[in-house]
file model_6.cif (mmCIF, C-alpha atoms, pLDDT in the B column; chains and numbers go by the auth columns)
data_structure
#
loop_
_atom_site.group_PDB
_atom_site.id
_atom_site.type_symbol
_atom_site.label_atom_id
_atom_site.label_comp_id
_atom_site.label_asym_id
_atom_site.label_seq_id
_atom_site.Cartn_x
_atom_site.Cartn_y
_atom_site.Cartn_z
_atom_site.B_iso_or_equiv
_atom_site.auth_seq_id
_atom_site.auth_asym_id
ATOM 1 C CA VAL A 1 72.453 109.162 5.221 33.00 1 A
ATOM 2 C CA SER A 2 69.626 111.516 4.383 35.00 2 A
ATOM 3 C CA ARG A 3 69.165 114.126 1.702 37.00 3 A
ATOM 4 C CA SER A 4 70.301 117.603 2.612 36.00 4 A
ATOM 5 C CA ASP A 5 69.984 121.109 1.239 37.00 5 A
ATOM 6 C CA ALA A 6 72.237 124.096 1.372 37.00 6 A
ATOM 7 C CA ASN A 7 72.062 125.875 4.733 39.00 7 A
ATOM 8 C CA ASP A 8 71.612 129.636 5.130 39.00 8 A
ATOM 9 C CA ASN A 9 75.321 130.088 5.768 39.00 9 A
ATOM 10 C CA GLY A 10 76.210 128.507 2.449 36.00 10 A
ATOM 11 C CA SER A 11 77.337 125.142 3.800 36.00 11 A
ATOM 12 C CA LEU A 12 76.032 121.797 2.672 36.00 12 A
ATOM 13 C CA ASP A 13 75.597 119.258 5.442 38.00 13 A
ATOM 14 C CA THR A 14 74.870 115.550 5.086 38.00 14 A
ATOM 15 C CA SER A 15 74.279 113.282 8.044 41.00 15 A
ATOM 16 C CA GLY A 16 77.258 111.070 8.699 43.00 16 A
ATOM 17 C CA SER A 17 79.447 112.631 6.026 41.00 17 A
ATOM 18 C CA LYS A 18 81.852 115.508 5.737 41.00 18 A
ATOM 19 C CA GLN A 19 80.659 119.063 5.372 43.00 19 A
ATOM 20 C CA VAL A 20 81.234 120.825 2.097 41.00 20 A
ATOM 21 C CA VAL A 21 81.283 124.603 1.955 43.00 21 A
ATOM 22 C CA VAL A 22 80.152 126.523 -1.087 41.00 22 A
ATOM 23 C CA PRO A 23 80.429 130.310 -1.482 41.00 23 A
ATOM 24 C CA SER A 24 78.008 132.313 0.655 45.00 24 A
ATOM 25 C CA GLY A 25 75.583 134.797 -0.839 45.00 25 A
ATOM 26 C CA LYS A 26 74.113 134.189 -4.268 40.00 26 A
ATOM 27 C CA THR A 27 75.093 130.618 -5.094 46.00 27 A
ATOM 28 C CA SER A 28 74.111 129.145 -8.423 55.00 28 A
ATOM 29 C CA ALA A 29 72.009 126.004 -8.508 53.00 29 A
ATOM 30 C CA GLN A 30 74.837 124.361 -10.430 49.00 30 A
ATOM 31 C CA SER A 31 77.307 125.067 -7.582 56.00 31 A
ATOM 32 C CA VAL A 32 74.907 123.641 -5.025 55.00 32 A
ATOM 33 C CA ARG A 33 74.349 120.488 -7.093 49.00 33 A
ATOM 34 C CA SER A 34 78.090 120.085 -7.566 49.00 34 A
ATOM 35 C CA ALA A 35 78.716 120.481 -3.833 56.00 35 A
ATOM 36 C CA ARG A 36 75.952 117.985 -3.041 54.00 36 A
ATOM 37 C CA ARG A 37 77.514 115.369 -5.318 47.00 37 A
ATOM 38 C CA LYS A 38 80.917 115.812 -3.678 46.00 38 A
ATOM 39 C CA ALA A 39 79.373 115.514 -0.223 50.00 39 A
ATOM 40 C CA GLN A 40 77.591 112.236 -0.941 48.00 40 A
ATOM 41 C CA PRO A 41 79.328 109.121 0.407 44.00 41 A
ATOM 42 C CA VAL A 42 80.032 106.284 -1.959 40.00 42 A
ATOM 43 C CA SER A 43 77.403 103.948 -0.482 38.00 43 A
ATOM 44 C CA ALA A 44 73.823 104.107 0.811 41.00 44 A
ATOM 45 C CA ILE A 45 72.847 107.313 -0.966 76.00 45 A
ATOM 46 C CA LEU A 46 69.826 106.025 -2.864 88.00 46 A
ATOM 47 C CA TYR A 47 68.384 103.221 -0.772 91.00 47 A
ATOM 48 C CA ASN A 48 69.077 104.640 2.680 89.00 48 A
ATOM 49 C CA THR A 49 65.369 104.441 3.605 91.00 49 A
ATOM 50 C CA TYR A 50 64.835 100.912 2.292 93.00 50 A
ATOM 51 C CA ARG A 51 63.812 98.380 4.941 93.00 51 A
ATOM 52 C CA LYS A 52 62.566 94.953 3.846 94.00 52 A
ATOM 53 C CA PRO A 53 59.861 94.639 6.558 95.00 53 A
ATOM 54 C CA VAL A 54 58.503 98.054 5.607 96.00 54 A
ATOM 55 C CA ALA A 55 58.512 97.211 1.887 96.00 55 A
ATOM 56 C CA ASP A 56 56.808 93.855 2.514 95.00 56 A
ATOM 57 C CA ARG A 57 54.161 95.476 4.726 96.00 57 A
ATOM 58 C CA TRP A 58 53.500 98.159 2.105 96.00 58 A
ATOM 59 C CA LEU A 59 52.917 95.536 -0.592 96.00 59 A
ATOM 60 C CA ARG A 60 50.754 93.435 1.718 96.00 60 A
ATOM 61 C CA ASP A 61 48.552 96.440 2.478 96.00 61 A
ATOM 62 C CA LEU A 62 48.227 97.163 -1.246 95.00 62 A
ATOM 63 C CA VAL A 63 47.213 93.580 -2.001 95.00 63 A
ATOM 64 C CA GLU A 64 44.732 93.325 0.883 94.00 64 A
ATOM 65 C CA LYS A 65 43.221 96.817 0.912 93.00 65 A
ATOM 66 C CA GLY A 66 43.902 98.172 -2.570 91.00 66 A
ATOM 67 C CA ARG A 67 44.070 101.859 -3.459 89.00 67 A
ATOM 68 C CA LEU A 68 41.400 104.382 -4.390 85.00 68 A
ATOM 69 C CA CYS A 69 41.573 105.371 -8.049 79.00 69 A
ATOM 70 C CA PRO A 70 40.947 109.162 -8.145 75.00 70 A
ATOM 71 C CA ARG A 71 39.753 109.097 -11.747 74.00 71 A
ATOM 72 C CA ARG A 72 37.355 106.158 -11.504 75.00 72 A
ATOM 73 C CA LYS A 73 36.411 106.724 -7.833 83.00 73 A
ATOM 74 C CA ILE A 74 36.758 103.033 -7.014 86.00 74 A
ATOM 75 C CA THR A 75 39.198 100.981 -4.954 89.00 75 A
ATOM 76 C CA THR A 76 41.386 98.716 -7.058 90.00 76 A
ATOM 77 C CA LYS A 77 43.613 95.819 -6.009 93.00 77 A
ATOM 78 C CA PRO A 78 46.494 94.347 -7.992 94.00 78 A
ATOM 79 C CA ASN A 79 45.896 91.048 -9.775 94.00 79 A
ATOM 80 C CA PRO A 80 48.398 88.145 -9.558 94.00 80 A
ATOM 81 C CA GLU A 81 50.364 89.309 -12.606 94.00 81 A
ATOM 82 C CA GLN A 82 50.667 92.855 -11.258 95.00 82 A
ATOM 83 C CA ILE A 83 51.720 91.515 -7.855 95.00 83 A
ATOM 84 C CA ARG A 84 54.431 89.460 -9.537 95.00 84 A
ATOM 85 C CA VAL A 85 55.887 92.542 -11.236 94.00 85 A
ATOM 86 C CA MET A 86 55.693 94.557 -7.999 95.00 86 A
ATOM 87 C CA LYS A 87 57.574 91.798 -6.164 95.00 87 A
ATOM 88 C CA ASP A 88 60.270 91.717 -8.874 94.00 88 A
ATOM 89 C CA ILE A 89 60.844 95.460 -8.515 94.00 89 A
ATOM 90 C CA ILE A 90 60.742 95.481 -4.715 95.00 90 A
ATOM 91 C CA ASN A 91 63.115 92.510 -4.523 93.00 91 A
ATOM 92 C CA ARG A 92 65.466 94.227 -6.946 93.00 92 A
ATOM 93 C CA CYS A 93 65.467 97.331 -4.758 93.00 93 A
ATOM 94 C CA GLY A 94 66.423 95.104 -1.832 92.00 94 A
ATOM 95 C CA VAL A 95 69.329 93.640 -3.776 89.00 95 A
ATOM 96 C CA GLU A 96 70.609 97.074 -4.772 89.00 96 A
ATOM 97 C CA ALA A 97 70.188 98.370 -1.216 90.00 97 A
ATOM 98 C CA GLY A 98 72.378 95.523 0.018 87.00 98 A
ATOM 99 C CA VAL A 99 75.055 96.209 -2.583 84.00 99 A
ATOM 100 C CA GLU A 100 74.958 99.909 -1.772 85.00 100 A
ATOM 101 C CA ARG A 101 75.325 99.363 1.974 82.00 101 A
ATOM 102 C CA ARG A 102 78.257 97.005 1.502 78.00 102 A
ATOM 103 C CA GLY A 103 79.830 99.736 -0.577 72.00 103 A
ATOM 104 C CA ARG A 104 81.420 97.423 -3.108 61.00 104 A
ATOM 105 C CA LEU A 105 79.819 96.593 -6.434 57.00 105 A
ATOM 106 C CA GLU A 106 82.378 93.802 -6.754 59.00 106 A
ATOM 107 C CA ASP A 107 80.612 92.003 -3.894 59.00 107 A
ATOM 108 C CA ALA A 108 77.460 91.617 -5.967 58.00 108 A
ATOM 109 C CA ARG A 109 76.799 88.348 -7.771 62.00 109 A
ATOM 110 C CA ARG A 110 77.030 88.472 -11.526 59.00 110 A
ATOM 111 C CA ASP A 111 73.242 88.330 -11.965 59.00 111 A
ATOM 112 C CA ASP A 112 72.763 91.088 -9.376 64.00 112 A
ATOM 113 C CA ALA A 113 75.254 93.410 -11.069 66.00 113 A
ATOM 114 C CA GLU A 114 73.367 93.205 -14.377 74.00 114 A
ATOM 115 C CA SER A 115 70.715 95.897 -14.847 80.00 115 A
ATOM 116 C CA LEU A 116 67.120 94.735 -14.464 84.00 116 A
ATOM 117 C CA ARG A 117 65.073 94.947 -17.662 86.00 117 A
ATOM 118 C CA LEU A 118 61.372 94.170 -17.530 86.00 118 A
ATOM 119 C CA LEU A 119 58.688 94.262 -20.211 87.00 119 A
ATOM 120 C CA THR A 120 55.046 94.140 -19.146 87.00 120 A
ATOM 121 C CA GLN A 121 52.550 93.492 -21.922 86.00 121 A
ATOM 122 C CA GLY A 122 48.768 93.354 -21.969 83.00 122 A
ATOM 123 C CA VAL A 123 45.689 94.304 -23.934 84.00 123 A
ATOM 124 C CA PRO A 124 44.215 97.807 -23.471 83.00 124 A
ATOM 125 C CA GLY A 125 42.623 98.057 -20.048 81.00 125 A
ATOM 126 C CA ALA A 126 44.678 95.210 -18.571 85.00 126 A
ATOM 127 C CA GLY A 127 46.145 97.522 -15.920 86.00 127 A
ATOM 128 C CA LYS A 128 49.606 98.414 -17.195 88.00 128 A
ATOM 129 C CA SER A 129 49.314 102.142 -16.426 86.00 129 A
ATOM 130 C CA GLN A 130 47.749 101.369 -13.044 89.00 130 A
ATOM 131 C CA LEU A 131 50.705 99.133 -12.275 92.00 131 A
ATOM 132 C CA MET A 132 53.062 102.021 -12.993 91.00 132 A
ATOM 133 C CA LYS A 133 51.127 104.213 -10.555 91.00 133 A
ATOM 134 C CA TRP A 134 51.545 101.606 -7.812 95.00 134 A
ATOM 135 C CA ILE A 135 55.264 101.351 -8.585 95.00 135 A
ATOM 136 C CA ARG A 136 55.499 105.120 -8.305 95.00 136 A
ATOM 137 C CA ALA A 137 53.688 105.012 -4.964 95.00 137 A
ATOM 138 C CA PHE A 138 56.243 102.498 -3.691 96.00 138 A
ATOM 139 C CA PHE A 139 59.147 104.664 -4.799 96.00 139 A
ATOM 140 C CA GLU A 140 57.686 107.801 -3.199 95.00 140 A
ATOM 141 C CA GLU A 141 56.198 106.349 -0.021 95.00 141 A
ATOM 142 C CA VAL A 142 58.727 103.673 0.954 95.00 142 A
ATOM 143 C CA LEU A 143 61.968 104.906 -0.596 95.00 143 A
ATOM 144 C CA GLU A 144 61.070 108.620 -0.342 93.00 144 A
ATOM 145 C CA TRP A 145 62.247 109.161 -3.886 94.00 145 A
ATOM 146 C CA ARG A 146 61.325 112.041 -6.174 92.00 146 A
ATOM 147 C CA HIS A 147 60.176 111.784 -9.759 93.00 147 A
ATOM 148 C CA GLY A 148 62.873 113.064 -12.073 89.00 148 A
ATOM 149 C CA THR A 149 65.632 112.515 -9.516 89.00 149 A
ATOM 150 C CA GLU A 150 65.837 108.836 -8.555 92.00 150 A
ATOM 151 C CA PHE A 151 63.209 107.569 -11.007 94.00 151 A
ATOM 152 C CA VAL A 152 61.372 108.881 -14.038 93.00 152 A
ATOM 153 C CA PHE A 153 58.257 107.908 -15.996 94.00 153 A
ATOM 154 C CA ILE A 154 58.358 108.585 -19.721 92.00 154 A
ATOM 155 C CA ALA A 155 56.046 108.096 -22.686 89.00 155 A
ATOM 156 C CA SER A 156 56.182 108.867 -26.382 87.00 156 A
ATOM 157 C CA MET A 157 53.329 111.396 -26.445 86.00 157 A
ATOM 158 C CA ASN A 158 52.049 114.215 -24.214 86.00 158 A
ATOM 159 C CA THR A 159 48.691 112.584 -23.482 86.00 159 A
ATOM 160 C CA MET A 160 50.322 109.316 -22.424 85.00 160 A
ATOM 161 C CA ALA A 161 52.881 111.118 -20.280 86.00 161 A
ATOM 162 C CA ALA A 162 50.139 113.153 -18.599 86.00 162 A
ATOM 163 C CA LEU A 163 48.179 110.029 -17.661 84.00 163 A
ATOM 164 C CA ILE A 164 51.132 108.633 -15.685 87.00 164 A
ATOM 165 C CA GLY A 165 52.370 111.981 -14.372 88.00 165 A
ATOM 166 C CA GLY A 166 55.578 111.664 -16.362 89.00 166 A
ATOM 167 C CA LYS A 167 57.539 113.269 -19.167 89.00 167 A
ATOM 168 C CA THR A 168 57.718 112.774 -22.899 89.00 168 A
ATOM 169 C CA ILE A 169 60.854 111.130 -24.241 86.00 169 A
ATOM 170 C CA HIS A 170 61.831 114.407 -25.916 85.00 170 A
ATOM 171 C CA SER A 171 61.363 116.392 -22.712 83.00 171 A
ATOM 172 C CA PHE A 172 63.302 113.880 -20.626 86.00 172 A
ATOM 173 C CA GLY A 173 66.139 113.711 -23.126 82.00 173 A
ATOM 174 C CA HIS A 174 66.208 117.496 -23.781 78.00 174 A
ATOM 175 C CA ILE A 175 65.640 116.744 -27.457 79.00 175 A
ATOM 176 C CA LEU A 176 64.600 119.855 -29.358 76.00 176 A
ATOM 177 C CA VAL A 177 62.640 119.647 -32.602 73.00 177 A
ATOM 178 C CA ASP A 178 62.425 123.337 -33.505 73.00 178 A
ATOM 179 C CA ALA A 179 65.369 124.332 -35.751 72.00 179 A
ATOM 180 C CA ASP A 180 65.682 127.844 -34.257 73.00 180 A
ATOM 181 C CA LYS A 181 65.743 126.513 -30.697 68.00 181 A
ATOM 182 C CA ILE A 182 68.333 123.897 -31.642 66.00 182 A
ATOM 183 C CA GLN A 183 70.578 126.586 -33.129 71.00 183 A
ATOM 184 C CA ALA A 184 70.081 128.841 -30.100 73.00 184 A
ATOM 185 C CA LYS A 185 70.990 125.998 -27.754 68.00 185 A
ATOM 186 C CA LYS A 186 74.178 125.327 -29.694 68.00 186 A
ATOM 187 C CA GLY A 187 75.106 128.982 -29.491 67.00 187 A
ATOM 188 C CA MET A 188 74.547 129.103 -25.732 69.00 188 A
ATOM 189 C CA SER A 189 76.594 125.940 -25.223 67.00 189 A
ATOM 190 C CA TRP A 190 79.546 127.383 -27.107 63.00 190 A
ATOM 191 C CA ALA A 191 79.277 130.787 -25.437 65.00 191 A
ATOM 192 C CA ALA A 192 79.096 129.435 -21.871 68.00 192 A
ATOM 193 C CA PRO A 193 80.333 125.843 -21.620 64.00 193 A
ATOM 194 C CA ASP A 194 78.950 124.041 -18.583 68.00 194 A
ATOM 195 C CA ILE A 195 78.192 120.564 -17.291 70.00 195 A
ATOM 196 C CA ASN A 196 75.714 118.826 -19.555 71.00 196 A
ATOM 197 C CA LYS A 197 72.273 119.278 -18.000 74.00 197 A
ATOM 198 C CA MET A 198 71.120 115.740 -18.686 75.00 198 A
ATOM 199 C CA TRP A 199 74.340 114.286 -17.285 78.00 199 A
ATOM 200 C CA ASP A 200 73.729 116.248 -14.109 75.00 200 A
ATOM 201 C CA GLU A 201 70.117 115.063 -13.869 76.00 201 A
ATOM 202 C CA MET A 202 71.163 111.426 -14.318 80.00 202 A
ATOM 203 C CA GLN A 203 73.514 111.364 -11.313 82.00 203 A
ATOM 204 C CA ASN A 204 71.006 109.726 -8.961 86.00 204 A
ATOM 205 C CA LEU A 205 68.591 108.304 -11.527 89.00 205 A
ATOM 206 C CA ARG A 206 68.080 104.592 -10.881 90.00 206 A
ATOM 207 C CA TRP A 207 64.842 103.585 -12.625 92.00 207 A
ATOM 208 C CA ILE A 208 63.393 104.544 -16.005 91.00 208 A
ATOM 209 C CA LEU A 209 59.851 103.312 -16.675 91.00 209 A
ATOM 210 C CA MET A 210 58.211 103.807 -20.044 90.00 210 A
ATOM 211 C CA ASP A 211 54.518 103.522 -20.834 87.00 211 A
ATOM 212 C CA GLU A 212 53.286 102.565 -24.310 76.00 212 A
ATOM 213 C CA GLY A 213 56.784 101.539 -25.331 71.00 213 A
ATOM 214 C CA SER A 214 55.568 100.059 -28.598 61.00 214 A
#

call {"tool": "encode", "arguments": {"input": "model_6.cif", "output": "structure tokens"}}
result
Amino acid sequence: VSRSDANDNGSLDTSGSKQVVVPSGKTSAQSVRSARRKAQPVSAILYNTYRKPVADRWLRDLVEKGRLCPRRKITTKPNPEQIRVMKDIINRCGVEAGVERRGRLEDARRDDAESLRLLTQGVPGAGKSQLMKWIRAFFEEVLEWRHGTEFVFIASMNTMAALIGGKTIHSFGHILVDADKIQAKKGMSWAAPDINKMWDEMQNLRWILMDEGS
């Protein structure tokens, strides 16, 4: 199936799935998101564009040709350690795509069902942030994912988050630090109860990558 948006007539259409109708006219973003979730089939909603030959060719091109670094104005290629991490992530995506297409999590092996947790360490300048940029390119170019929807990059500080095109932990988690804003948020939540915003944003989130985790 492919992603879909609300049509002009107020209906929400997804390829190969049933049509869900939401009220015409001024429809809130929350109603549209709710309708989209109900319209999504149980399987193949995140990895529908994954194809192993395409993923393998993408990685091979990266290894052989490299990518131009906009900041440094040079072409960089991944080293063996970076390639190993890229392969781990791409292979994991293949495993999850298979589970998703079968439609039954119970069919997955025990080691496949367990979430993948990776830690990449290195001295400053070793290429950790560059590795994250290549991972992001894979997500966006091969899987056609969007940052903040199916994957998110986070860091502890604004400068670090900016370097990887991500969010701070506080921004991602909707964690307020100003006492007045915290109180105002509580008041709004009590006055107009609604679906938790972060819960809604996490519906299709599959990967969380953090830079400078220490």

call {"tool": "atom_distance", "arguments": {"input": "model_6.cif", "atom1": "CA of Tyr47 in chain A", "atom2": "CA of Leu59 in chain A"}}
result
17.3 Å

call {"tool": "residues_near_point", "arguments": {"input": "model_6.cif", "point": "(63.6, 110.2, -10.4)", "cutoff": "10 Å", "atoms": "only C-alpha atoms", "output": "PDB file with C-alpha atoms, in the coordinates of the input"}}
result
ATOM      1  CA  ARG A 136      55.499 105.120  -8.305  1.00 95.00           C
ATOM      2  CA  PHE A 139      59.147 104.664  -4.799  1.00 96.00           C
ATOM      3  CA  GLU A 140      57.686 107.801  -3.199  1.00 95.00           C
ATOM      4  CA  TRP A 145      62.247 109.161  -3.886  1.00 94.00           C
ATOM      5  CA  ARG A 146      61.325 112.041  -6.174  1.00 92.00           C
ATOM      6  CA  HIS A 147      60.176 111.784  -9.759  1.00 93.00           C
ATOM      7  CA  GLY A 148      62.873 113.064 -12.073  1.00 89.00           C
ATOM      8  CA  THR A 149      65.632 112.515  -9.516  1.00 89.00           C
ATOM      9  CA  GLU A 150      65.837 108.836  -8.555  1.00 92.00           C
ATOM     10  CA  PHE A 151      63.209 107.569 -11.007  1.00 94.00           C
ATOM     11  CA  VAL A 152      61.372 108.881 -14.038  1.00 93.00           C
ATOM     12  CA  PHE A 153      58.257 107.908 -15.996  1.00 94.00           C
ATOM     13  CA  GLU A 201      70.117 115.063 -13.869  1.00 76.00           C
ATOM     14  CA  MET A 202      71.163 111.426 -14.318  1.00 80.00           C
ATOM     15  CA  ASN A 204      71.006 109.726  -8.961  1.00 86.00           C
ATOM     16  CA  LEU A 205      68.591 108.304 -11.527  1.00 89.00           C
ATOM     17  CA  ARG A 206      68.080 104.592 -10.881  1.00 90.00           C
ATOM     18  CA  TRP A 207      64.842 103.585 -12.625  1.00 92.00           C
ATOM     19  CA  ILE A 208      63.393 104.544 -16.005  1.00 91.00           C
TER      20      ILE A 208
END

call {"tool": "resolve_selection", "arguments": {"input": "model_6.cif", "expression": "the PyMOL selection byres ((chain A and resi 118-125) around 12)", "output": "list in words"}}
result
Glu81, Gln82, Arg84, Val85, Met86, Asp88, Ile89, Arg92, Ser115, Leu116, Arg117, Ala126, Gly127, Lys128, Ser129, Gln130, Leu131, Met132, Trp207, Ile208, Leu209, Met210, Asp211, Glu212, Gly213 and Ser214 of chain A

call {"tool": "atom_distance", "arguments": {"input": "model_6.cif", "atom1": "CA of Glu96 in chain A", "atom2": "CA of Glu141 in chain A"}}
result
17.8 Å

call {"tool": "atom_distance", "arguments": {"input": "model_6.cif", "atom1": "CA of Tyr50 in chain A", "atom2": "CA of Trp199 in chain A"}}
result
25.5 Å

call {"tool": "closest_residue", "arguments": {"input": "model_6.cif", "among": "A:Glu64, A:Glu114, A:Glu144, A:Asp178", "to": "Asn79 in chain A", "atoms": "only C-alpha atoms"}}
result
A:Glu64

call {"tool": "residues_around", "arguments": {"input": "model_6.cif", "residues": "Gly66 in chain A", "least_positions_apart": "4", "cutoff": "10 Å", "atoms": "all atoms listed in the file", "output": "ChimeraX atom specification"}}
result
/A:59-62,74-78,134

call {"tool": "write_last_selection", "arguments": {"input": "model_6.cif", "atoms": "C-alpha atoms", "output": "short mmCIF file (atom, residue, chain, number, x, y, z; two decimals), in the coordinates of the input"}}
result
data_model
loop_
_atom_site.label_atom_id
_atom_site.label_comp_id
_atom_site.auth_asym_id
_atom_site.auth_seq_id
_atom_site.Cartn_x
_atom_site.Cartn_y
_atom_site.Cartn_z
CA LEU A 59 52.92 95.54 -0.59
CA ARG A 60 50.75 93.44 1.72
CA ASP A 61 48.55 96.44 2.48
CA LEU A 62 48.23 97.16 -1.25
CA ILE A 74 36.76 103.03 -7.01
CA THR A 75 39.20 100.98 -4.95
CA THR A 76 41.39 98.72 -7.06
CA LYS A 77 43.61 95.82 -6.01
CA PRO A 78 46.49 94.35 -7.99
CA TRP A 134 51.54 101.61 -7.81
#

call {"tool": "axis_aligned_box", "arguments": {"input": "model_6.cif", "around": "range 132-148 of chain A", "padding_each_side": "3 Å", "output": "AutoDock Vina command-line options"}}
result
--center_x 57.0 --center_y 107.2 --center_z -6.0 --size_x 17.7 --size_y 17.7 --size_z 19.9

call {"tool": "resolve_selection", "arguments": {"input": "model_6.cif", "expression": "the PyMOL selection byres ((chain A and resi 155) around 6)", "output": "NGL selection string"}}
result
:A and (154 or 156-157 or 160-161 or 168-169 or 210-211)
